[in-house]
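**Student:** Before I ask anything, let me first share the structure, which is written out below as structure tokens.
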Amino acid sequence: MKQYIEKVNTLIESFPYIKEFYGKTIVIKYGGHAMETIEGKRSFALDMVLLKYVGINPVIVHGGGPQINTLLEQVGVQSSFVGGMRVTDASTMEIVEMVLVGKVNKEIVNCINMAGGKAVGLSGKDGNLLIAEKMYHTVNGEKQDIGQVGTITKVNPLVIETLDKEKFIPVIAPIGCDNNGITYNINADIAAGKLAEALKAEKLILLTDVEGVKIDGKLISTLRKDEVDNLIISNKISGGMIPKVNCCLGALKEGVGKTHIIDGRVEHAVLLEIFTDAGIGTEIV
């Protein structure tokens, strides 16, 4: 009997959060280890289906760097990176789009559908969802051409809003195009942040392969904007974590309620963050 009471207590703990987020949109950037193992895929898919069934609208933006690397290696194309961005010429762009839209996206959709949900796969080209322009990497004030890498200039959220109303779960590959029809590869964190802004999401959750933001080896559960700025200046936050926290800060500035950087390797990480008092990872508010 005790184990059943514990299960009921867990449900009771989650009830205030279900009530608070009912009808709200949560944008989730899905990538890293959670995308690469069978257990991680199943756990994530079940989380998304449960969110939808309790009246919360998940919007998923996914990456696919390792899968792109694998196919590029198979066809004998070497990748190079500048400032964390993949240098993307026309032939590389074809492979990036093939992997993200044709393979990774459909695998995620299938996992969610197999778990009992109704997922629909999109790229930023569908419904003019993500309008982009060429991004340049700047070094010492000089622009460096890194190919068909894009930055988002406009989000047209109508297609997402329509899918939400019809109880579908949107799964978005971060590929956009400009007004001339040129295709661009877009960083998934950036795409998730811009979508969260456009949708006025209640939460933006970035799944990573680390526990969250650590300062001097200690996980920080909550950070505020002024703290983040000081920690970056003092080099306490560095490397690949800087663009993630900046993505969170940009989303907060544009009206997103809360942002979170959490460990996607943890089973049911999204549910633990949303529906428990303690949560996991780092929230930036």
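Simple scheme: letters A, B, ... for chains in structure tokens order, numbers from 1 for residues in each chain, numbers from 1 for ligands in the order shown.
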Excluding Met98 in chain A and its own-chain neighbours fewer than 2 positions away, which residues fall within 12 Å of it when counting only C-alpha atoms? Please give them as a list in words.
**Tutor:** Gly64, Gln67, Ile68, Leu71, Leu72, Ser91, Thr92, Met93, Glu94, Ile95, Val96, Leu100, Val101, Gly102, Lys103, Val104, Asn105, Lys106, Ser123, Ala173, Ile175 and Asn185 of chain A
**Student:** DSSP says alpha helix (DSSP H) for which residues of range 109-272 of chain A? Put them as number ranges by chain?
**Tutor:** A: 109-114, 158-165, 188-198, 225-233, 241-253, 269-272
**Student:** Counting only C-alpha atoms, what is within 10 Å of Ile56 in chain A, bar same-chain residues fewer than 5 positions away, as a PyMOL selection string?
**Tutor:** chain A and resi 18-26+48-51+164+167
**Student:** Report, in Å to a single decimal, how far apart CA of Ile280 in chain A and CA of Leu122 in chain A are.
**Tutor:**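 Interatomic distance, CA of Leu122 in chain A to CA of Ile280 in chain A: 29.1 Å.
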**Student:** What is the distance between CA of Leu129 in chain A and CA of Val155 in chain A, in Å to one decimal?
**Tutor:**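 Distance reported for this atom pair: 5.5 Å.
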**Student:** Neighbours of range 207-218 of chain A within 8 Å (only C-alpha atoms; same-chain residues fewer than 2 positions away dropped), as a list of chain:residue names?
**Tutor:**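 Answer for this query is A:Ile28, A:Lys29, A:Tyr30, A:Gly31, A:Gly32, A:His33, A:Ile205, A:Ile220, A:Ser221, A:Lys236, A:Ile237, A:Met241, A:Ile261, A:Ile262, A:Asp263, A:Gly264, A:Arg265, A:Ile280, A:Gly281, A:Thr282.
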**Student:** Output the selection as an mmCIF file, in the first residue's frame - N, CA and C atoms for each residue.
**Tutor:**
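Wrote it out as again_6.cif, contents follow:
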```cif
data_model
loop_
_atom_site.group_PDB
_atom_site.id
_atom_site.type_symbol
_atom_site.label_atom_id
_atom_site.label_comp_id
_atom_site.auth_asym_id
_atom_site.auth_seq_id
_atom_site.Cartn_x
_atom_site.Cartn_y
_atom_site.Cartn_z
ATOM 1 N N ILE A 28 10.994 23.306 -26.364
ATOM 2 C CA ILE A 28 12.058 22.431 -25.893
ATOM 3 C C ILE A 28 13.070 22.210 -26.999
ATOM 4 N N LYS A 29 14.333 22.520 -26.724
ATOM 5 C CA LYS A 29 15.407 22.184 -27.652
ATOM 6 C C LYS A 29 15.902 20.789 -27.292
ATOM 7 N N TYR A 30 15.796 19.878 -28.248
ATOM 8 C CA TYR A 30 16.102 18.467 -28.041
ATOM 9 C C TYR A 30 17.373 18.114 -28.798
ATOM 10 N N GLY A 31 18.367 17.615 -28.074
ATOM 11 C CA GLY A 31 19.609 17.237 -28.736
ATOM 12 C C GLY A 31 20.508 16.476 -27.792
ATOM 13 N N GLY A 32 21.738 16.233 -28.220
ATOM 14 C CA GLY A 32 22.717 15.580 -27.372
ATOM 15 C C GLY A 32 22.426 14.116 -27.128
ATOM 16 N N HIS A 33 22.857 13.638 -25.955
ATOM 17 C CA HIS A 33 22.781 12.216 -25.610
ATOM 18 C C HIS A 33 21.344 11.708 -25.632
ATOM 19 N N ILE A 205 13.148 25.366 -22.633
ATOM 20 C CA ILE A 205 13.990 24.361 -21.991
ATOM 21 C C ILE A 205 15.034 23.878 -22.992
ATOM 22 N N ILE A 220 24.320 25.405 -10.068
ATOM 23 C CA ILE A 220 23.530 26.557 -9.631
ATOM 24 C C ILE A 220 22.087 26.343 -10.085
ATOM 25 N N SER A 221 21.160 26.315 -9.141
ATOM 26 C CA SER A 221 19.773 25.996 -9.484
ATOM 27 C C SER A 221 19.045 27.178 -10.116
ATOM 28 N N LYS A 236 33.540 32.795 -15.229
ATOM 29 C CA LYS A 236 32.979 31.673 -14.474
ATOM 30 C C LYS A 236 32.037 30.860 -15.379
ATOM 31 N N ILE A 237 31.380 31.549 -16.312
ATOM 32 C CA ILE A 237 30.624 30.892 -17.369
ATOM 33 C C ILE A 237 31.424 31.089 -18.653
ATOM 34 N N MET A 241 28.765 27.089 -22.925
ATOM 35 C CA MET A 241 27.636 27.498 -22.089
ATOM 36 C C MET A 241 27.240 28.952 -22.337
ATOM 37 N N ILE A 261 18.191 25.297 -18.414
ATOM 38 C CA ILE A 261 19.238 24.483 -19.031
ATOM 39 C C ILE A 261 19.340 23.227 -18.182
ATOM 40 N N ILE A 262 18.968 22.077 -18.758
ATOM 41 C CA ILE A 262 18.881 20.856 -17.954
ATOM 42 C C ILE A 262 19.601 19.697 -18.645
ATOM 43 N N ASP A 263 19.851 18.659 -17.876
ATOM 44 C CA ASP A 263 20.597 17.493 -18.345
ATOM 45 C C ASP A 263 19.658 16.509 -19.045
ATOM 46 N N GLY A 264 19.758 16.450 -20.365
ATOM 47 C CA GLY A 264 18.898 15.563 -21.140
ATOM 48 C C GLY A 264 19.229 14.094 -20.972
ATOM 49 N N ARG A 265 20.354 13.782 -20.319
ATOM 50 C CA ARG A 265 20.720 12.389 -20.088
ATOM 51 C C ARG A 265 19.897 11.764 -18.957
ATOM 52 N N ILE A 280 15.273 20.253 -11.906
ATOM 53 C CA ILE A 280 16.659 19.842 -12.125
ATOM 54 C C ILE A 280 17.348 20.923 -12.944
ATOM 55 N N GLY A 281 18.653 20.870 -13.014
ATOM 56 C CA GLY A 281 19.387 21.807 -13.847
ATOM 57 C C GLY A 281 19.359 23.220 -13.310
ATOM 58 N N THR A 282 19.478 24.180 -14.231
ATOM 59 C CA THR A 282 19.562 25.592 -13.888
ATOM 60 C C THR A 282 18.425 26.357 -14.551
#
```
**Student:** In range 142-223 of chain A, what's strand (DSSP E) per DSSP? Answer as number ranges by chain?
**Tutor:** A: 142-155, 169-173, 175-177, 183-185, 203-208, 214-215, 218-219, 222-223
**Student:** From the list A:Gly176, A:Gln74, A:Leu46, A:Pro157, which residue is nearest Asn113 in chain A when using only C-alpha atoms?
**Tutor:** A:Leu46
**Student:** So what do you get for CA of Asn187 in chain A versus CA of Pro174 in chain A, distance-wise?
**Tutor:**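 For CA of Asn187 in chain A relative to CA of Pro174 in chain A, the distance reads 6.8 Å.
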**Student:** Considering only C-alpha atoms, state which residue in the set A:Ala196, A:Ile146, A:Ile160, A:Ile112 is at the smallest distance from Lys258 in chain A.
**Tutor:**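 Counting only C-alpha atoms, the residue closest to Lys258 in chain A is A:Ala196.
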**Student:** Can you pull out the residues contacting Ile242 in chain A? Cut-off 12 Å, using only C-alpha atoms, and skip same-chain residues under 3 positions away; I want them as a list in words.
**Tutor:**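 Result of the neighbour search: Gly83, Gly84, Asp189, Gly212, Val213, Val228, Asp229, Leu231, Ile232, Ile233, Asn235, Lys236, Ile237, Ser238, Gly239, Val245, Asn246, Cys247, Cys248, Leu249 and Ile261 of chain A.
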**Student:** Could you turn the residues from that selection into a file that holds N, CA, C and O atoms, as a PDB file, in the first residue's frame?
**Tutor:**
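Dumped to out32.pdb:
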```
ATOM      1  N   GLY A  83      33.890  29.468 -34.551  1.00  0.00           N
ATOM      2  CA  GLY A  83      33.044  30.033 -33.499  1.00  0.00           C
ATOM      3  C   GLY A  83      31.893  29.130 -33.116  1.00  0.00           C
ATOM      4  O   GLY A  83      30.816  29.610 -32.749  1.00  0.00           O
ATOM      5  N   GLY A  84      32.118  27.814 -33.216  1.00  0.00           N
ATOM      6  CA  GLY A  84      31.077  26.858 -32.854  1.00  0.00           C
ATOM      7  C   GLY A  84      30.068  26.598 -33.961  1.00  0.00           C
ATOM      8  O   GLY A  84      29.173  25.766 -33.801  1.00  0.00           O
ATOM      9  N   ASP A 189      19.742  25.898 -30.759  1.00  0.00           N
ATOM     10  CA  ASP A 189      19.466  26.703 -29.563  1.00  0.00           C
ATOM     11  C   ASP A 189      18.874  28.053 -29.953  1.00  0.00           C
ATOM     12  O   ASP A 189      17.895  28.524 -29.356  1.00  0.00           O
ATOM     13  N   GLY A 212      23.812  21.388 -15.919  1.00  0.00           N
ATOM     14  CA  GLY A 212      23.305  22.755 -15.931  1.00  0.00           C
ATOM     15  C   GLY A 212      24.483  23.698 -15.849  1.00  0.00           C
ATOM     16  O   GLY A 212      25.594  23.355 -16.242  1.00  0.00           O
ATOM     17  N   VAL A 213      24.262  24.893 -15.316  1.00  0.00           N
ATOM     18  CA  VAL A 213      25.353  25.849 -15.140  1.00  0.00           C
ATOM     19  C   VAL A 213      26.053  25.547 -13.824  1.00  0.00           C
ATOM     20  O   VAL A 213      25.425  25.535 -12.762  1.00  0.00           O
ATOM     21  N   VAL A 228      24.278  36.510 -14.387  1.00  0.00           N
ATOM     22  CA  VAL A 228      24.845  35.883 -15.587  1.00  0.00           C
ATOM     23  C   VAL A 228      25.884  36.806 -16.225  1.00  0.00           C
ATOM     24  O   VAL A 228      26.989  36.371 -16.578  1.00  0.00           O
ATOM     25  N   ASP A 229      25.541  38.067 -16.367  1.00  0.00           N
ATOM     26  CA  ASP A 229      26.472  39.027 -16.975  1.00  0.00           C
ATOM     27  C   ASP A 229      27.804  39.056 -16.222  1.00  0.00           C
ATOM     28  O   ASP A 229      28.879  39.017 -16.828  1.00  0.00           O
ATOM     29  N   LEU A 231      29.055  36.741 -14.255  1.00  0.00           N
ATOM     30  CA  LEU A 231      29.751  35.443 -14.329  1.00  0.00           C
ATOM     31  C   LEU A 231      30.451  35.255 -15.671  1.00  0.00           C
ATOM     32  O   LEU A 231      31.510  34.627 -15.743  1.00  0.00           O
ATOM     33  N   ILE A 232      29.870  35.800 -16.749  1.00  0.00           N
ATOM     34  CA  ILE A 232      30.530  35.727 -18.053  1.00  0.00           C
ATOM     35  C   ILE A 232      31.771  36.620 -18.063  1.00  0.00           C
ATOM     36  O   ILE A 232      32.847  36.218 -18.530  1.00  0.00           O
ATOM     37  N   ILE A 233      31.637  37.825 -17.518  1.00  0.00           N
ATOM     38  CA  ILE A 233      32.766  38.759 -17.471  1.00  0.00           C
ATOM     39  C   ILE A 233      33.931  38.160 -16.678  1.00  0.00           C
ATOM     40  O   ILE A 233      35.105  38.293 -17.052  1.00  0.00           O
ATOM     41  N   ASN A 235      34.576  35.094 -16.342  1.00  0.00           N
ATOM     42  CA  ASN A 235      34.957  33.814 -16.947  1.00  0.00           C
ATOM     43  C   ASN A 235      34.522  32.607 -16.115  1.00  0.00           C
ATOM     44  O   ASN A 235      35.047  31.506 -16.294  1.00  0.00           O
ATOM     45  N   LYS A 236      33.540  32.795 -15.229  1.00  0.00           N
ATOM     46  CA  LYS A 236      32.979  31.673 -14.474  1.00  0.00           C
ATOM     47  C   LYS A 236      32.037  30.860 -15.379  1.00  0.00           C
ATOM     48  O   LYS A 236      31.877  29.659 -15.213  1.00  0.00           O
ATOM     49  N   ILE A 237      31.380  31.549 -16.312  1.00  0.00           N
ATOM     50  CA  ILE A 237      30.624  30.892 -17.369  1.00  0.00           C
ATOM     51  C   ILE A 237      31.424  31.089 -18.653  1.00  0.00           C
ATOM     52  O   ILE A 237      31.752  32.223 -19.021  1.00  0.00           O
ATOM     53  N   SER A 238      31.754  29.991 -19.326  1.00  0.00           N
ATOM     54  CA  SER A 238      32.631  30.096 -20.490  1.00  0.00           C
ATOM     55  C   SER A 238      32.285  29.032 -21.523  1.00  0.00           C
ATOM     56  O   SER A 238      31.405  28.186 -21.308  1.00  0.00           O
ATOM     57  N   GLY A 239      33.002  29.066 -22.636  1.00  0.00           N
ATOM     58  CA  GLY A 239      32.865  28.038 -23.667  1.00  0.00           C
ATOM     59  C   GLY A 239      31.463  27.930 -24.229  1.00  0.00           C
ATOM     60  O   GLY A 239      30.760  28.922 -24.445  1.00  0.00           O
ATOM     61  N   VAL A 245      23.318  30.430 -22.344  1.00  0.00           N
ATOM     62  CA  VAL A 245      22.755  31.386 -21.390  1.00  0.00           C
ATOM     63  C   VAL A 245      22.334  32.673 -22.102  1.00  0.00           C
ATOM     64  O   VAL A 245      21.333  33.303 -21.743  1.00  0.00           O
ATOM     65  N   ASN A 246      23.069  33.063 -23.142  1.00  0.00           N
ATOM     66  CA  ASN A 246      22.670  34.249 -23.907  1.00  0.00           C
ATOM     67  C   ASN A 246      21.351  34.017 -24.635  1.00  0.00           C
ATOM     68  O   ASN A 246      20.522  34.930 -24.756  1.00  0.00           O
ATOM     69  N   CYS A 247      21.160  32.791 -25.129  1.00  0.00           N
ATOM     70  CA  CYS A 247      19.893  32.419 -25.755  1.00  0.00           C
ATOM     71  C   CYS A 247      18.751  32.566 -24.743  1.00  0.00           C
ATOM     72  O   CYS A 247      17.690  33.112 -25.056  1.00  0.00           O
ATOM     73  N   CYS A 248      18.992  32.108 -23.521  1.00  0.00           N
ATOM     74  CA  CYS A 248      17.985  32.212 -22.460  1.00  0.00           C
ATOM     75  C   CYS A 248      17.694  33.674 -22.125  1.00  0.00           C
ATOM     76  O   CYS A 248      16.530  34.074 -21.967  1.00  0.00           O
ATOM     77  N   LEU A 249      18.729  34.478 -22.013  1.00  0.00           N
ATOM     78  CA  LEU A 249      18.543  35.888 -21.679  1.00  0.00           C
ATOM     79  C   LEU A 249      17.750  36.614 -22.763  1.00  0.00           C
ATOM     80  O   LEU A 249      16.881  37.444 -22.473  1.00  0.00           O
ATOM     81  N   ILE A 261      18.191  25.297 -18.414  1.00  0.00           N
ATOM     82  CA  ILE A 261      19.238  24.483 -19.031  1.00  0.00           C
ATOM     83  C   ILE A 261      19.340  23.227 -18.182  1.00  0.00           C
ATOM     84  O   ILE A 261      19.719  23.293 -17.007  1.00  0.00           O
TER      85      ILE A 261
END
```
**Student:** Select, from A:Phe168, A:Phe275, A:Tyr136, A:Tyr184, the residue with the minimum atom-to-atom distance to Ile12 in chain A, counting only C-alpha atoms.
**Tutor:**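 Counting only C-alpha atoms, the residue closest to Ile12 in chain A is A:Phe275.
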